[in-house]
>>> print(open('data.txt').read())   # compact mmCIF, N, CA and C atoms
# COMPACT_ATOMS: atom_id res chain seq x y z
N MET A 21 26.57 -5.18 -7.07
CA MET A 21 25.80 -4.24 -6.27
C MET A 21 24.34 -4.31 -6.70
N SER A 22 23.43 -4.33 -5.73
CA SER A 22 22.01 -4.41 -6.06
C SER A 22 21.50 -3.08 -6.59
N ALA A 23 20.38 -3.14 -7.32
CA ALA A 23 19.79 -1.92 -7.88
C ALA A 23 19.40 -0.95 -6.77
N ALA A 24 18.90 -1.49 -5.64
CA ALA A 24 18.51 -0.62 -4.54
C ALA A 24 19.72 0.11 -3.95
N ALA A 25 20.85 -0.57 -3.89
CA ALA A 25 22.05 0.07 -3.35
C ALA A 25 22.58 1.17 -4.26
N GLU A 26 22.27 1.10 -5.55
CA GLU A 26 22.73 2.10 -6.51
C GLU A 26 21.83 3.33 -6.56
N GLN A 27 20.64 3.26 -6.01
CA GLN A 27 19.69 4.37 -6.06
C GLN A 27 20.15 5.50 -5.15
N PRO A 28 20.13 6.74 -5.66
CA PRO A 28 20.44 7.87 -4.77
C PRO A 28 19.40 7.97 -3.66
N VAL A 29 19.85 8.35 -2.48
CA VAL A 29 18.96 8.59 -1.35
C VAL A 29 18.99 10.09 -1.09
N TYR A 30 17.83 10.70 -1.01
CA TYR A 30 17.76 12.13 -0.82
C TYR A 30 17.78 12.45 0.67
N ARG A 31 18.81 13.19 1.08
CA ARG A 31 18.96 13.62 2.46
C ARG A 31 19.09 15.13 2.48
N VAL A 32 18.47 15.74 3.47
CA VAL A 32 18.58 17.18 3.66
C VAL A 32 18.98 17.39 5.13
N PRO A 33 20.28 17.66 5.37
CA PRO A 33 20.74 17.82 6.75
C PRO A 33 19.93 18.84 7.55
N PHE A 34 19.50 19.92 6.93
CA PHE A 34 18.68 20.92 7.62
C PHE A 34 17.43 20.26 8.20
N VAL A 35 16.76 19.44 7.39
CA VAL A 35 15.54 18.76 7.83
C VAL A 35 15.88 17.77 8.95
N GLU A 36 16.97 17.05 8.80
CA GLU A 36 17.36 16.07 9.81
C GLU A 36 17.59 16.74 11.17
N ARG A 37 18.11 17.96 11.18
CA ARG A 37 18.37 18.66 12.44
C ARG A 37 17.09 19.00 13.20
N THR A 38 15.94 18.99 12.53
CA THR A 38 14.68 19.29 13.22
C THR A 38 14.25 18.15 14.12
N GLY A 39 14.78 16.95 13.89
CA GLY A 39 14.34 15.78 14.65
C GLY A 39 13.06 15.16 14.12
N MET A 40 12.61 15.61 12.95
CA MET A 40 11.39 15.07 12.35
C MET A 40 11.53 13.55 12.20
N ARG A 41 10.42 12.84 12.44
CA ARG A 41 10.44 11.37 12.39
C ARG A 41 9.37 10.84 11.44
N ARG A 42 9.70 9.71 10.85
CA ARG A 42 8.74 9.00 10.00
C ARG A 42 7.78 8.20 10.89
N ILE A 43 6.50 8.37 10.62
CA ILE A 43 5.48 7.59 11.32
C ILE A 43 5.03 6.46 10.41
N GLU A 44 4.67 6.81 9.16
CA GLU A 44 4.25 5.82 8.15
C GLU A 44 4.79 6.28 6.80
N GLU A 45 5.32 5.35 6.04
CA GLU A 45 5.71 5.65 4.67
C GLU A 45 5.45 4.42 3.83
N GLY A 46 5.02 4.65 2.61
CA GLY A 46 4.78 3.56 1.68
C GLY A 46 4.63 4.15 0.29
N ARG A 47 4.27 3.32 -0.64
CA ARG A 47 4.08 3.77 -2.02
C ARG A 47 3.04 4.88 -2.05
N GLY A 48 3.47 6.08 -2.42
CA GLY A 48 2.55 7.21 -2.55
C GLY A 48 2.03 7.77 -1.24
N HIS A 49 2.65 7.43 -0.12
CA HIS A 49 2.12 7.85 1.18
C HIS A 49 3.24 8.27 2.13
N SER A 50 2.95 9.31 2.94
CA SER A 50 3.90 9.76 3.95
C SER A 50 3.15 10.37 5.12
N LYS A 51 3.51 9.95 6.32
CA LYS A 51 3.02 10.56 7.55
C LYS A 51 4.25 10.79 8.43
N LEU A 52 4.48 12.05 8.79
CA LEU A 52 5.66 12.43 9.55
C LEU A 52 5.27 13.20 10.80
N LEU A 53 6.18 13.21 11.77
CA LEU A 53 5.97 13.92 13.01
C LEU A 53 7.09 14.94 13.22
N MET A 54 6.72 16.17 13.49
CA MET A 54 7.66 17.22 13.83
C MET A 54 7.58 17.41 15.35
N PRO A 55 8.69 17.14 16.06
CA PRO A 55 8.64 17.30 17.51
C PRO A 55 8.64 18.77 17.91
N LEU A 56 7.94 19.08 18.98
CA LEU A 56 7.97 20.44 19.50
C LEU A 56 9.37 20.77 20.04
N GLU A 57 9.97 19.78 20.72
CA GLU A 57 11.30 20.01 21.29
C GLU A 57 12.30 20.34 20.18
N GLY A 58 12.96 21.46 20.33
CA GLY A 58 13.93 21.91 19.35
C GLY A 58 13.32 22.74 18.23
N ASN A 59 11.99 22.81 18.18
CA ASN A 59 11.29 23.53 17.11
C ASN A 59 10.27 24.52 17.64
N ALA A 60 10.42 24.89 18.91
CA ALA A 60 9.52 25.86 19.53
C ALA A 60 10.07 27.27 19.33
N ASN A 61 9.16 28.23 19.32
CA ASN A 61 9.57 29.63 19.21
C ASN A 61 9.75 30.24 20.60
N HIS A 62 9.79 31.54 20.67
CA HIS A 62 10.03 32.25 21.92
C HIS A 62 8.89 32.18 22.93
N VAL A 63 7.72 31.68 22.51
CA VAL A 63 6.60 31.51 23.45
C VAL A 63 6.23 30.03 23.61
N ASP A 64 7.17 29.15 23.28
CA ASP A 64 7.04 27.70 23.49
C ASP A 64 5.91 27.03 22.71
N VAL A 65 5.64 27.54 21.51
CA VAL A 65 4.75 26.85 20.58
C VAL A 65 5.55 26.59 19.29
N MET A 66 5.02 25.73 18.44
CA MET A 66 5.73 25.34 17.22
C MET A 66 6.04 26.57 16.39
N TYR A 67 7.30 26.68 16.02
CA TYR A 67 7.79 27.75 15.14
C TYR A 67 7.20 27.56 13.74
N LEU A 68 6.74 28.64 13.11
CA LEU A 68 6.10 28.51 11.80
C LEU A 68 7.02 27.85 10.78
N GLY A 69 8.31 28.11 10.85
CA GLY A 69 9.25 27.48 9.93
C GLY A 69 9.22 25.96 10.03
N ALA A 70 8.96 25.43 11.23
CA ALA A 70 8.87 23.98 11.41
C ALA A 70 7.66 23.41 10.66
N PHE A 71 6.55 24.17 10.63
CA PHE A 71 5.39 23.74 9.84
C PHE A 71 5.76 23.67 8.35
N CYS A 72 6.53 24.64 7.88
CA CYS A 72 6.94 24.66 6.47
C CYS A 72 7.78 23.44 6.13
N VAL A 73 8.74 23.13 6.99
CA VAL A 73 9.60 21.97 6.76
C VAL A 73 8.77 20.68 6.78
N LEU A 74 7.85 20.58 7.74
CA LEU A 74 6.99 19.39 7.82
C LEU A 74 6.14 19.25 6.56
N ALA A 75 5.50 20.33 6.14
CA ALA A 75 4.65 20.27 4.94
C ALA A 75 5.47 19.87 3.72
N GLU A 76 6.66 20.44 3.56
CA GLU A 76 7.53 20.12 2.43
C GLU A 76 7.89 18.65 2.41
N ALA A 77 8.34 18.12 3.54
CA ALA A 77 8.77 16.73 3.60
C ALA A 77 7.61 15.77 3.40
N VAL A 78 6.47 16.07 4.01
CA VAL A 78 5.29 15.20 3.85
C VAL A 78 4.85 15.19 2.39
N ALA A 79 4.85 16.34 1.73
CA ALA A 79 4.41 16.43 0.34
C ALA A 79 5.37 15.74 -0.62
N ALA A 80 6.66 15.85 -0.36
CA ALA A 80 7.66 15.27 -1.27
C ALA A 80 7.74 13.75 -1.14
N GLY A 81 7.54 13.23 0.05
CA GLY A 81 7.70 11.80 0.30
C GLY A 81 6.93 10.89 -0.64
N PRO A 82 5.63 11.12 -0.87
CA PRO A 82 4.89 10.25 -1.78
C PRO A 82 5.45 10.25 -3.20
N GLY A 83 5.90 11.40 -3.68
CA GLY A 83 6.50 11.45 -5.01
C GLY A 83 7.82 10.71 -5.07
N ILE A 84 8.66 10.92 -4.06
CA ILE A 84 9.95 10.22 -4.02
C ILE A 84 9.73 8.71 -3.98
N SER A 85 8.71 8.27 -3.28
CA SER A 85 8.48 6.83 -3.11
C SER A 85 8.18 6.10 -4.41
N ILE A 86 7.76 6.83 -5.43
CA ILE A 86 7.43 6.17 -6.71
C ILE A 86 8.52 6.36 -7.76
N LEU A 87 9.57 7.11 -7.42
CA LEU A 87 10.60 7.45 -8.41
C LEU A 87 11.67 6.39 -8.54
N ASP A 88 12.16 6.23 -9.75
CA ASP A 88 13.43 5.57 -10.00
C ASP A 88 14.44 6.70 -9.83
N THR A 89 15.02 6.80 -8.62
CA THR A 89 15.86 7.96 -8.30
C THR A 89 17.18 7.98 -9.07
N ALA A 90 17.49 6.91 -9.78
CA ALA A 90 18.65 6.95 -10.67
C ALA A 90 18.31 7.77 -11.92
N ARG A 91 17.02 7.92 -12.21
CA ARG A 91 16.58 8.66 -13.41
C ARG A 91 15.91 9.99 -13.11
N TYR A 92 15.27 10.11 -11.93
CA TYR A 92 14.45 11.28 -11.62
C TYR A 92 14.77 11.81 -10.23
N PHE A 93 14.43 13.09 -10.02
CA PHE A 93 14.60 13.71 -8.71
C PHE A 93 13.43 14.64 -8.44
N PRO A 94 13.16 14.90 -7.15
CA PRO A 94 12.08 15.82 -6.77
C PRO A 94 12.64 17.21 -6.47
N ILE A 95 11.81 18.20 -6.62
CA ILE A 95 12.15 19.57 -6.21
C ILE A 95 10.84 20.24 -5.79
N ILE A 96 10.91 21.13 -4.82
CA ILE A 96 9.72 21.86 -4.39
C ILE A 96 9.65 23.15 -5.20
N LYS A 97 8.53 23.34 -5.88
CA LYS A 97 8.34 24.53 -6.71
C LYS A 97 7.84 25.71 -5.89
N ASP A 98 6.90 25.44 -4.99
CA ASP A 98 6.44 26.49 -4.08
C ASP A 98 5.75 25.87 -2.87
N ILE A 99 5.61 26.71 -1.85
CA ILE A 99 4.99 26.24 -0.61
C ILE A 99 4.30 27.42 0.07
N ALA A 100 3.16 27.13 0.67
CA ALA A 100 2.45 28.12 1.49
C ALA A 100 1.87 27.35 2.67
N VAL A 101 1.91 27.98 3.82
CA VAL A 101 1.33 27.36 5.01
C VAL A 101 0.31 28.31 5.61
N ASP A 102 -0.91 27.82 5.77
CA ASP A 102 -1.96 28.56 6.47
C ASP A 102 -1.94 28.10 7.92
N PHE A 103 -1.67 29.04 8.80
CA PHE A 103 -1.60 28.78 10.22
C PHE A 103 -3.00 28.95 10.80
N HIS A 104 -3.51 27.93 11.49
CA HIS A 104 -4.87 27.99 12.05
C HIS A 104 -4.89 28.28 13.55
N ARG A 105 -3.97 27.64 14.28
CA ARG A 105 -3.89 27.86 15.72
C ARG A 105 -2.54 27.40 16.23
N MET A 106 -2.15 27.90 17.40
CA MET A 106 -0.86 27.53 17.97
C MET A 106 -0.84 26.05 18.35
N ALA A 107 0.35 25.47 18.25
CA ALA A 107 0.55 24.07 18.64
C ALA A 107 1.62 24.03 19.72
N ALA A 108 1.22 23.59 20.90
CA ALA A 108 2.15 23.46 22.02
C ALA A 108 2.50 21.99 22.24
N SER A 109 2.57 21.24 21.13
CA SER A 109 2.87 19.81 21.18
C SER A 109 3.55 19.41 19.87
N ASP A 110 3.90 18.14 19.78
CA ASP A 110 4.38 17.62 18.50
C ASP A 110 3.25 17.77 17.48
N VAL A 111 3.64 17.82 16.20
CA VAL A 111 2.67 18.00 15.11
C VAL A 111 2.91 16.93 14.05
N THR A 112 1.82 16.35 13.54
CA THR A 112 1.93 15.37 12.45
C THR A 112 1.31 15.93 11.19
N GLY A 113 1.85 15.48 10.06
CA GLY A 113 1.30 15.81 8.75
C GLY A 113 1.24 14.55 7.92
N GLU A 114 0.27 14.49 7.02
CA GLU A 114 0.07 13.27 6.22
C GLU A 114 -0.43 13.64 4.83
N TYR A 115 0.06 12.90 3.83
CA TYR A 115 -0.41 13.10 2.46
C TYR A 115 -0.27 11.79 1.70
N THR A 116 -1.25 11.52 0.82
CA THR A 116 -1.25 10.31 0.01
C THR A 116 -1.63 10.64 -1.43
N LEU A 117 -0.87 10.10 -2.37
CA LEU A 117 -1.22 10.14 -3.79
C LEU A 117 -2.07 8.92 -4.09
N SER A 118 -3.13 9.09 -4.86
CA SER A 118 -3.95 7.95 -5.26
C SER A 118 -3.21 7.15 -6.34
N GLU A 119 -3.64 5.92 -6.56
CA GLU A 119 -3.03 5.10 -7.62
C GLU A 119 -3.22 5.76 -8.99
N GLY A 120 -4.36 6.42 -9.19
CA GLY A 120 -4.58 7.13 -10.45
C GLY A 120 -3.61 8.29 -10.63
N GLU A 121 -3.37 9.03 -9.55
CA GLU A 121 -2.40 10.12 -9.60
C GLU A 121 -0.99 9.59 -9.86
N ILE A 122 -0.65 8.49 -9.21
CA ILE A 122 0.67 7.88 -9.41
C ILE A 122 0.84 7.46 -10.87
N SER A 123 -0.17 6.82 -11.44
CA SER A 123 -0.10 6.39 -12.84
C SER A 123 0.11 7.57 -13.77
N GLY A 124 -0.61 8.66 -13.53
CA GLY A 124 -0.47 9.85 -14.36
C GLY A 124 0.90 10.48 -14.23
N LEU A 125 1.43 10.55 -13.01
CA LEU A 125 2.77 11.12 -12.80
C LEU A 125 3.83 10.29 -13.51
N LEU A 126 3.76 8.97 -13.36
CA LEU A 126 4.75 8.10 -14.01
C LEU A 126 4.65 8.18 -15.53
N ALA A 127 3.44 8.30 -16.06
CA ALA A 127 3.27 8.44 -17.51
C ALA A 127 3.88 9.76 -17.99
N ASP A 128 3.63 10.84 -17.26
CA ASP A 128 4.22 12.14 -17.63
C ASP A 128 5.74 12.09 -17.59
N LEU A 129 6.29 11.45 -16.56
CA LEU A 129 7.75 11.35 -16.45
C LEU A 129 8.33 10.62 -17.66
N GLU A 130 7.71 9.53 -18.05
CA GLU A 130 8.20 8.76 -19.21
C GLU A 130 8.05 9.55 -20.50
N ARG A 131 6.93 10.23 -20.65
CA ARG A 131 6.62 10.94 -21.90
C ARG A 131 7.42 12.23 -22.05
N LYS A 132 7.52 13.03 -21.00
CA LYS A 132 8.14 14.34 -21.17
C LYS A 132 9.27 14.66 -20.21
N GLY A 133 9.58 13.74 -19.29
CA GLY A 133 10.69 13.95 -18.38
C GLY A 133 10.39 14.83 -17.18
N SER A 134 9.12 15.21 -17.03
CA SER A 134 8.72 16.01 -15.87
C SER A 134 7.27 15.70 -15.52
N ALA A 135 6.95 15.94 -14.26
CA ALA A 135 5.58 15.76 -13.78
C ALA A 135 5.45 16.61 -12.52
N GLY A 136 4.24 16.83 -12.09
CA GLY A 136 4.07 17.62 -10.88
C GLY A 136 2.72 17.40 -10.24
N TYR A 137 2.65 17.75 -8.99
CA TYR A 137 1.38 17.68 -8.25
C TYR A 137 1.41 18.71 -7.13
N THR A 138 0.22 19.07 -6.69
CA THR A 138 0.08 19.98 -5.56
C THR A 138 -0.54 19.20 -4.42
N ALA A 139 0.16 19.21 -3.28
CA ALA A 139 -0.29 18.48 -2.10
C ALA A 139 -0.90 19.44 -1.08
N GLU A 140 -2.07 19.11 -0.60
CA GLU A 140 -2.69 19.81 0.53
C GLU A 140 -2.36 18.96 1.76
N VAL A 141 -1.58 19.52 2.67
CA VAL A 141 -1.08 18.76 3.81
C VAL A 141 -1.69 19.30 5.11
N PRO A 142 -2.69 18.60 5.67
CA PRO A 142 -3.21 19.00 6.97
C PRO A 142 -2.21 18.61 8.06
N MET A 143 -2.04 19.50 9.05
CA MET A 143 -1.13 19.23 10.15
C MET A 143 -1.89 19.35 11.46
N HIS A 144 -1.74 18.33 12.31
CA HIS A 144 -2.52 18.22 13.55
C HIS A 144 -1.62 18.17 14.77
N ASP A 145 -2.10 18.74 15.87
CA ASP A 145 -1.34 18.66 17.13
C ASP A 145 -1.60 17.31 17.78
N ALA A 146 -1.01 17.11 18.96
CA ALA A 146 -1.13 15.83 19.66
C ALA A 146 -2.56 15.49 20.07
N ASP A 147 -3.43 16.51 20.17
CA ASP A 147 -4.83 16.27 20.51
C ASP A 147 -5.70 16.06 19.27
N GLY A 148 -5.10 16.12 18.07
CA GLY A 148 -5.84 15.92 16.84
C GLY A 148 -6.43 17.18 16.24
N ALA A 149 -6.17 18.34 16.86
CA ALA A 149 -6.69 19.60 16.32
C ALA A 149 -5.89 20.02 15.09
N LEU A 150 -6.60 20.51 14.08
CA LEU A 150 -5.96 21.03 12.88
C LEU A 150 -5.29 22.36 13.23
N VAL A 151 -3.96 22.40 13.13
CA VAL A 151 -3.22 23.61 13.51
C VAL A 151 -2.67 24.37 12.31
N ALA A 152 -2.50 23.69 11.18
CA ALA A 152 -2.00 24.35 9.97
C ALA A 152 -2.31 23.48 8.77
N THR A 153 -2.32 24.11 7.60
CA THR A 153 -2.48 23.39 6.34
C THR A 153 -1.42 23.90 5.38
N GLY A 154 -0.65 22.97 4.83
CA GLY A 154 0.35 23.33 3.84
C GLY A 154 -0.14 23.06 2.45
N ARG A 155 0.25 23.90 1.51
CA ARG A 155 -0.04 23.70 0.09
C ARG A 155 1.32 23.71 -0.60
N VAL A 156 1.72 22.56 -1.13
CA VAL A 156 3.07 22.38 -1.65
C VAL A 156 3.00 21.87 -3.08
N THR A 157 3.69 22.56 -3.98
CA THR A 157 3.79 22.10 -5.36
C THR A 157 5.11 21.36 -5.52
N VAL A 158 5.01 20.10 -5.90
CA VAL A 158 6.17 19.22 -6.05
C VAL A 158 6.38 18.95 -7.54
N LYS A 159 7.61 19.14 -8.01
CA LYS A 159 7.98 18.79 -9.38
C LYS A 159 8.87 17.56 -9.32
N LEU A 160 8.64 16.65 -10.24
CA LEU A 160 9.48 15.48 -10.43
C LEU A 160 10.13 15.64 -11.78
N LEU A 161 11.46 15.59 -11.82
CA LEU A 161 12.19 15.89 -13.04
C LEU A 161 13.20 14.81 -13.38
N SER A 162 13.46 14.66 -14.67
CA SER A 162 14.50 13.77 -15.16
C SER A 162 15.86 14.36 -14.85
N HIS A 163 16.84 13.51 -14.55
CA HIS A 163 18.20 14.01 -14.36
C HIS A 163 18.74 14.70 -15.61
N SER A 164 18.13 14.42 -16.74
CA SER A 164 18.56 15.08 -18.00
C SER A 164 17.68 16.29 -18.32
N TRP A 165 16.92 16.78 -17.34
CA TRP A 165 16.06 17.95 -17.55
C TRP A 165 16.91 19.19 -17.65
N PRO A 166 16.64 20.16 -18.48
CA PRO A 166 15.55 20.16 -19.47
C PRO A 166 15.96 19.36 -20.71
N PRO A 167 14.97 18.91 -21.46
CA PRO A 167 15.27 18.11 -22.66
C PRO A 167 16.06 18.94 -23.67
N LYS A 168 16.96 18.30 -24.36
CA LYS A 168 17.77 18.97 -25.39
C LYS A 168 16.97 19.01 -26.69
N GLY A 169 17.16 20.11 -27.43
CA GLY A 169 16.56 20.19 -28.76
C GLY A 169 15.27 20.83 -28.73
>>> encode(input="data.txt", output="structure tokens")
Amino acid sequence: MSAAAEQPVYRVPFVERTGMRRIEEGRGHSKLLMPLEGNANHVDVMYLGAFCVLAEAVAAGPGISILDTARYFPIIKDIAVDFHRMAASDVTGEYTLSEGEISGLLADLERKGSAGYTAEVPMHDADGALVATGRVTVKLLSHSWPPKG
């Protein structure tokens, strides 16, 4: 079995039910789309909870992309979403960790078994207007966390 086949894949059925789609993903980078269909509220605009799910997934993706998931896992420590204006369309969110941030996170993981970052996730409607901003604290932890002794 290849090493890639042995790596755990993180799935969240709740998130999958939103219909959220990957637009771009790579090392330290994530851009996702939350469709309006299925995620609208009673007045046919994006439900605030959908913004929360989008911000969480966009923020976690860059961290997950750099992990040896056989050794480490991500968890969301906290999240806040500032709502700027209604979105009556699909919404995209994007976040990227710099190579310097990635190096620091990986060093912390090796040294102490934990690392973390706070992602500011701008979210835009189909016309490019900023409709919300998420602030998400992501923790990366060793499967053996907390350390013994």
>>> select_by_dssp(input="data.txt", residues="chain A", states="strand (DSSP E or B)", output="PyMOL selection string")
chain A and resi 41-46+49-54+60+66+92-103+111-116+134-145+150-162
>>> residues_around(input="data.txt", residues="region 32-44 of chain A", least_positions_apart="6", cutoff="6 Å", atoms="only C-alpha atoms", output="ChimeraX atom specification")
/A:50-54
>>> closest_residue(input="data.txt", among="A:Ile122, A:Leu117, A:Asp98, A:Ser162", to="Ala135 (chain A)", atoms="all atoms listed in the file")
A:Ser162
>>> atom_distance(input="data.txt", atom1="atom N of Pro166 (chain A)", atom2="CA of Pro82 (chain A)")
22.7 Å
>>> atom_distance(input="data.txt", atom1="atom C of Leu129 (chain A)", atom2="atom N of Ala100 (chain A)")
25.2 Å
>>> build_atoms(input="data.txt", residues="region 144-167 of chain A", atoms="N, CA, C and O atoms", output="mmCIF file, in the coordinates of the input")
data_model
loop_
_atom_site.group_PDB
_atom_site.id
_atom_site.type_symbol
_atom_site.label_atom_id
_atom_site.label_comp_id
_atom_site.auth_asym_id
_atom_site.auth_seq_id
_atom_site.Cartn_x
_atom_site.Cartn_y
_atom_site.Cartn_z
ATOM 1 N N HIS A 144 -1.740 18.330 12.310
ATOM 2 C CA HIS A 144 -2.520 18.220 13.550
ATOM 3 C C HIS A 144 -1.620 18.170 14.770
ATOM 4 O O HIS A 144 -0.536 17.559 14.715
ATOM 5 N N ASP A 145 -2.100 18.740 15.870
ATOM 6 C CA ASP A 145 -1.340 18.660 17.130
ATOM 7 C C ASP A 145 -1.600 17.310 17.780
ATOM 8 O O ASP A 145 -2.327 16.461 17.251
ATOM 9 N N ALA A 146 -1.010 17.110 18.960
ATOM 10 C CA ALA A 146 -1.130 15.830 19.660
ATOM 11 C C ALA A 146 -2.560 15.490 20.070
ATOM 12 O O ALA A 146 -2.884 14.321 20.258
ATOM 13 N N ASP A 147 -3.430 16.510 20.170
ATOM 14 C CA ASP A 147 -4.830 16.270 20.510
ATOM 15 C C ASP A 147 -5.700 16.060 19.270
ATOM 16 O O ASP A 147 -6.915 15.892 19.388
ATOM 17 N N GLY A 148 -5.100 16.120 18.070
ATOM 18 C CA GLY A 148 -5.840 15.920 16.840
ATOM 19 C C GLY A 148 -6.430 17.180 16.240
ATOM 20 O O GLY A 148 -7.122 17.121 15.222
ATOM 21 N N ALA A 149 -6.170 18.340 16.860
ATOM 22 C CA ALA A 149 -6.690 19.600 16.320
ATOM 23 C C ALA A 149 -5.890 20.020 15.090
ATOM 24 O O ALA A 149 -4.661 19.921 15.069
ATOM 25 N N LEU A 150 -6.600 20.510 14.080
ATOM 26 C CA LEU A 150 -5.960 21.030 12.880
ATOM 27 C C LEU A 150 -5.290 22.360 13.230
ATOM 28 O O LEU A 150 -5.965 23.309 13.613
ATOM 29 N N VAL A 151 -3.960 22.400 13.130
ATOM 30 C CA VAL A 151 -3.220 23.610 13.510
ATOM 31 C C VAL A 151 -2.670 24.370 12.310
ATOM 32 O O VAL A 151 -2.416 25.571 12.401
ATOM 33 N N ALA A 152 -2.500 23.690 11.180
ATOM 34 C CA ALA A 152 -2.000 24.350 9.970
ATOM 35 C C ALA A 152 -2.310 23.480 8.770
ATOM 36 O O ALA A 152 -2.528 22.271 8.906
ATOM 37 N N THR A 153 -2.320 24.110 7.600
ATOM 38 C CA THR A 153 -2.480 23.390 6.340
ATOM 39 C C THR A 153 -1.420 23.900 5.380
ATOM 40 O O THR A 153 -1.297 25.107 5.177
ATOM 41 N N GLY A 154 -0.650 22.970 4.830
ATOM 42 C CA GLY A 154 0.350 23.330 3.840
ATOM 43 C C GLY A 154 -0.140 23.060 2.450
ATOM 44 O O GLY A 154 -0.913 22.112 2.226
ATOM 45 N N ARG A 155 0.250 23.900 1.510
ATOM 46 C CA ARG A 155 -0.040 23.700 0.090
ATOM 47 C C ARG A 155 1.320 23.710 -0.600
ATOM 48 O O ARG A 155 1.981 24.750 -0.637
ATOM 49 N N VAL A 156 1.720 22.560 -1.130
ATOM 50 C CA VAL A 156 3.070 22.380 -1.650
ATOM 51 C C VAL A 156 3.000 21.870 -3.080
ATOM 52 O O VAL A 156 2.347 20.868 -3.355
ATOM 53 N N THR A 157 3.690 22.560 -3.980
ATOM 54 C CA THR A 157 3.790 22.100 -5.360
ATOM 55 C C THR A 157 5.110 21.360 -5.520
ATOM 56 O O THR A 157 6.183 21.928 -5.277
ATOM 57 N N VAL A 158 5.010 20.100 -5.900
ATOM 58 C CA VAL A 158 6.170 19.220 -6.050
ATOM 59 C C VAL A 158 6.380 18.950 -7.540
ATOM 60 O O VAL A 158 5.434 18.582 -8.248
ATOM 61 N N LYS A 159 7.610 19.140 -8.010
ATOM 62 C CA LYS A 159 7.980 18.790 -9.380
ATOM 63 C C LYS A 159 8.870 17.560 -9.320
ATOM 64 O O LYS A 159 9.743 17.438 -8.462
ATOM 65 N N LEU A 160 8.640 16.650 -10.240
ATOM 66 C CA LEU A 160 9.480 15.480 -10.430
ATOM 67 C C LEU A 160 10.130 15.640 -11.780
ATOM 68 O O LEU A 160 9.442 15.849 -12.785
ATOM 69 N N LEU A 161 11.460 15.590 -11.820
ATOM 70 C CA LEU A 161 12.190 15.890 -13.040
ATOM 71 C C LEU A 161 13.200 14.810 -13.380
ATOM 72 O O LEU A 161 13.779 14.185 -12.497
ATOM 73 N N SER A 162 13.460 14.660 -14.670
ATOM 74 C CA SER A 162 14.500 13.770 -15.160
ATOM 75 C C SER A 162 15.860 14.360 -14.850
ATOM 76 O O SER A 162 16.029 15.593 -14.886
ATOM 77 N N HIS A 163 16.840 13.510 -14.550
ATOM 78 C CA HIS A 163 18.200 14.010 -14.360
ATOM 79 C C HIS A 163 18.740 14.700 -15.610
ATOM 80 O O HIS A 163 19.667 15.494 -15.522
ATOM 81 N N SER A 164 18.130 14.420 -16.740
ATOM 82 C CA SER A 164 18.560 15.080 -18.000
ATOM 83 C C SER A 164 17.680 16.290 -18.320
ATOM 84 O O SER A 164 17.703 16.782 -19.441
ATOM 85 N N TRP A 165 16.920 16.780 -17.340
ATOM 86 C CA TRP A 165 16.060 17.950 -17.550
ATOM 87 C C TRP A 165 16.910 19.190 -17.650
ATOM 88 O O TRP A 165 17.872 19.327 -16.918
ATOM 89 N N PRO A 166 16.640 20.160 -18.480
ATOM 90 C CA PRO A 166 15.550 20.160 -19.470
ATOM 91 C C PRO A 166 15.960 19.360 -20.710
ATOM 92 O O PRO A 166 17.145 19.160 -20.953
ATOM 93 N N PRO A 167 14.970 18.910 -21.460
ATOM 94 C CA PRO A 167 15.270 18.110 -22.660
ATOM 95 C C PRO A 167 16.060 18.940 -23.670
ATOM 96 O O PRO A 167 15.873 20.148 -23.774
#
